[in-house]
Amino acid sequence: MLKIFQFIIDWSEVWALLIPISVLLIKKQPASLKLVVFYVWAALIINLGIDLIWKFRSMLPAAYNSNNFLYNLHSIIRFYLFCAFFIQLNQTFLVTIKRIIPFCFMVFIIINFTFYENFFDYWKLSSRLLSTEAIFLLFYTLQYYLFKINDSTATKITNSDFWITTGLGIFVTLNFFIFLLYNELTLRFQNFAISLWSVHNISYIIFNLFIAKGFYESGK
């Protein structure tokens with residue numbers, strides 16, 4: 001029974017995305033959510049590649065059986081799509097900072113993968129990239145809530161962007177320290193690090209449940 005549960009969790013990065021996709025199949029989303037829709041489909045393709053490489057790594061040539069670069073790619077795509085999502089909400093709060101951060105992140109990516117890390121590192125994913133992405137996205141989620149708290153207009157609080165932001169906030173909050181310390185943990189406490197990644201997978205399920213809720217609530 002435990003092995004079955006672990007198998008389900010191990011593949012959750014793929015099947016969890018089918019939850020919001022199932023809503024997309026029955027309900028067309030407004031233009032305001034098109035970036036989140038694009039993320040869901042892009043994440044499904046990338047995560048399917050991640051898990052297939054992991055599952056069949058023993059059958060692949062040694063040079064091609066590492067999926068770390070796909071985690072890096074997913075991180076970058078997720079950041080820029082959700083960054084653009086928050087900016088297009090047109091919340092008149094910290095506007096300049098929200099528009100500067102994407103450029104700062106690009107500078108960070110260029111410097112990090114030019115001088116410090118290899119984007120296609122065979123042995124490890126980029127803890128530095130993933131944790132930086134998480135802290136920036138956490139900033140976007142917090143400023144979203146601050147704007148909502150101070151917003152004087154009588155708008156519905158629990159709308160689509162609220163649910164999506166909440167799911168993202170839970171995901172990045174739970175995973176910041178996992179991302180930050182993961183490579184170090186794999187060197188010193190490998191079994192613990194592997195078990196800890198299950199927390200990431202469970203939080204990803206929660207994230208997708210909130211995205212699905214956001215899609216379902218759209219247009220109401």
# chains A, B, ... in the order shown; residues from 1 in each chain; ligands from 1
>>> select_by_dssp(residues="range 16-138 of chain A", states="alpha helix (DSSP H)", output="NGL selection string")
:A and (18-24 or 34-55 or 68-88 or 95-111 or 127-138)
>>> residues_around(residues="Ile21 in chain A", least_positions_apart="4", cutoff="10 Å", atoms="only C-alpha atoms", output="list in words")
Trp15, Ala16, Leu17, Leu25, Ile26, Lys27, Val37, Val40, Trp41, Leu44, Asn208, Ile211, Ala212 and Phe215 of chain A
>>> atom_distance(atom1="CA of Thr165 in chain A", atom2="CA of Thr141 in chain A")
6.0 Å
>>> residues_around(residues="Val14 in chain A", least_positions_apart="4", cutoff="8 Å", atoms="only C-alpha atoms", output="VMD selection string")
chain A and resid 18 44 47 to 48 51
>>> residues_around(residues="range 32-34 of chain A", least_positions_apart="4", cutoff="12 Å", atoms="only C-alpha atoms", output="ChimeraX atom specification")
/A:24,28,38-41,81-82,84-90,159-165,211-212,214-219
>>> atom_distance(atom1="CA of Thr92 in chain A", atom2="CA of Phe136 in chain A")
18.4 Å
>>> residues_around(residues="range 188-196 of chain A", least_positions_apart="2", cutoff="12 Å", atoms="only C-alpha atoms", output="NGL selection string")
:A and (6 or 9-10 or 174-175 or 177-186 or 198-203)
>>> write_last_selection(atoms="N, CA, C and O atoms", output="tab-separated table (two decimals), in the first residue's frame")
chain	number	residue	atom	x	y	z
A	6	GLN	N	3.36	5.94	-2.78
A	6	GLN	CA	4.57	6.62	-3.23
A	6	GLN	C	4.61	6.74	-4.74
A	6	GLN	O	5.05	7.75	-5.29
A	9	ILE	N	2.37	9.60	-5.69
A	9	ILE	CA	3.03	10.88	-5.37
A	9	ILE	C	4.17	11.16	-6.35
A	9	ILE	O	4.35	12.31	-6.80
A	10	ASP	N	4.92	10.14	-6.70
A	10	ASP	CA	6.05	10.33	-7.62
A	10	ASP	C	5.62	10.86	-8.97
A	10	ASP	O	6.35	11.62	-9.61
A	174	LEU	N	5.93	26.65	0.88
A	174	LEU	CA	6.32	25.32	1.34
A	174	LEU	C	7.64	24.86	0.73
A	174	LEU	O	8.37	24.07	1.34
A	175	ASN	N	7.96	25.37	-0.45
A	175	ASN	CA	9.11	24.83	-1.18
A	175	ASN	C	10.37	25.70	-1.14
A	175	ASN	O	11.42	25.24	-1.57
A	177	PHE	N	12.51	26.62	1.22
A	177	PHE	CA	13.65	26.02	1.92
A	177	PHE	C	14.03	24.66	1.34
A	177	PHE	O	15.20	24.25	1.39
A	178	ILE	N	13.05	23.96	0.77
A	178	ILE	CA	13.37	22.70	0.08
A	178	ILE	C	14.28	22.99	-1.11
A	178	ILE	O	15.31	22.34	-1.30
A	179	PHE	N	13.90	23.99	-1.92
A	179	PHE	CA	14.71	24.37	-3.06
A	179	PHE	C	16.09	24.86	-2.62
A	179	PHE	O	17.11	24.50	-3.21
A	180	LEU	N	16.11	25.68	-1.60
A	180	LEU	CA	17.36	26.30	-1.15
A	180	LEU	C	18.37	25.27	-0.66
A	180	LEU	O	19.57	25.39	-0.92
A	181	LEU	N	17.89	24.24	0.04
A	181	LEU	CA	18.78	23.29	0.70
A	181	LEU	C	18.86	21.93	0.02
A	181	LEU	O	19.61	21.07	0.49
A	182	TYR	N	18.13	21.74	-1.07
A	182	TYR	CA	17.98	20.38	-1.61
A	182	TYR	C	19.30	19.75	-2.03
A	182	TYR	O	19.57	18.59	-1.70
A	183	ASN	N	20.13	20.48	-2.75
A	183	ASN	CA	21.39	19.90	-3.21
A	183	ASN	C	22.31	19.54	-2.05
A	183	ASN	O	22.99	18.51	-2.07
A	184	GLU	N	22.33	20.40	-1.05
A	184	GLU	CA	23.14	20.11	0.13
A	184	GLU	C	22.61	18.89	0.86
A	184	GLU	O	23.39	18.04	1.34
A	185	LEU	N	21.31	18.75	0.93
A	185	LEU	CA	20.72	17.60	1.61
A	185	LEU	C	20.99	16.30	0.85
A	185	LEU	O	21.20	15.25	1.46
A	186	THR	N	20.99	16.36	-0.48
A	186	THR	CA	21.26	15.15	-1.25
A	186	THR	C	22.67	14.65	-1.04
A	186	THR	O	22.94	13.45	-1.16
A	198	SER	N	8.81	14.57	-1.68
A	198	SER	CA	7.38	14.22	-1.66
A	198	SER	C	6.54	15.39	-1.16
A	198	SER	O	5.39	15.57	-1.57
A	199	VAL	N	7.11	16.21	-0.26
A	199	VAL	CA	6.42	17.41	0.21
A	199	VAL	C	6.21	18.35	-0.97
A	199	VAL	O	5.13	18.96	-1.13
A	200	HIS	N	7.24	18.50	-1.80
A	200	HIS	CA	7.13	19.31	-3.01
A	200	HIS	C	6.01	18.79	-3.89
A	200	HIS	O	5.17	19.56	-4.39
A	201	ASN	N	5.96	17.48	-4.10
A	201	ASN	CA	4.94	16.90	-4.97
A	201	ASN	C	3.53	17.09	-4.42
A	201	ASN	O	2.59	17.39	-5.16
A	202	ILE	N	3.37	16.94	-3.10
A	202	ILE	CA	2.06	17.14	-2.48
A	202	ILE	C	1.64	18.61	-2.60
A	202	ILE	O	0.48	18.93	-2.89
A	203	SER	N	2.59	19.52	-2.39
A	203	SER	CA	2.27	20.95	-2.52
A	203	SER	C	1.92	21.29	-3.97
A	203	SER	O	1.12	22.21	-4.21
>>> residues_around(residues="Lys124 in chain A", least_positions_apart="5", cutoff="10 Å", atoms="only C-alpha atoms", output="PyMOL selection string")
chain A and resi 66-69+71+117-119+182-183+186
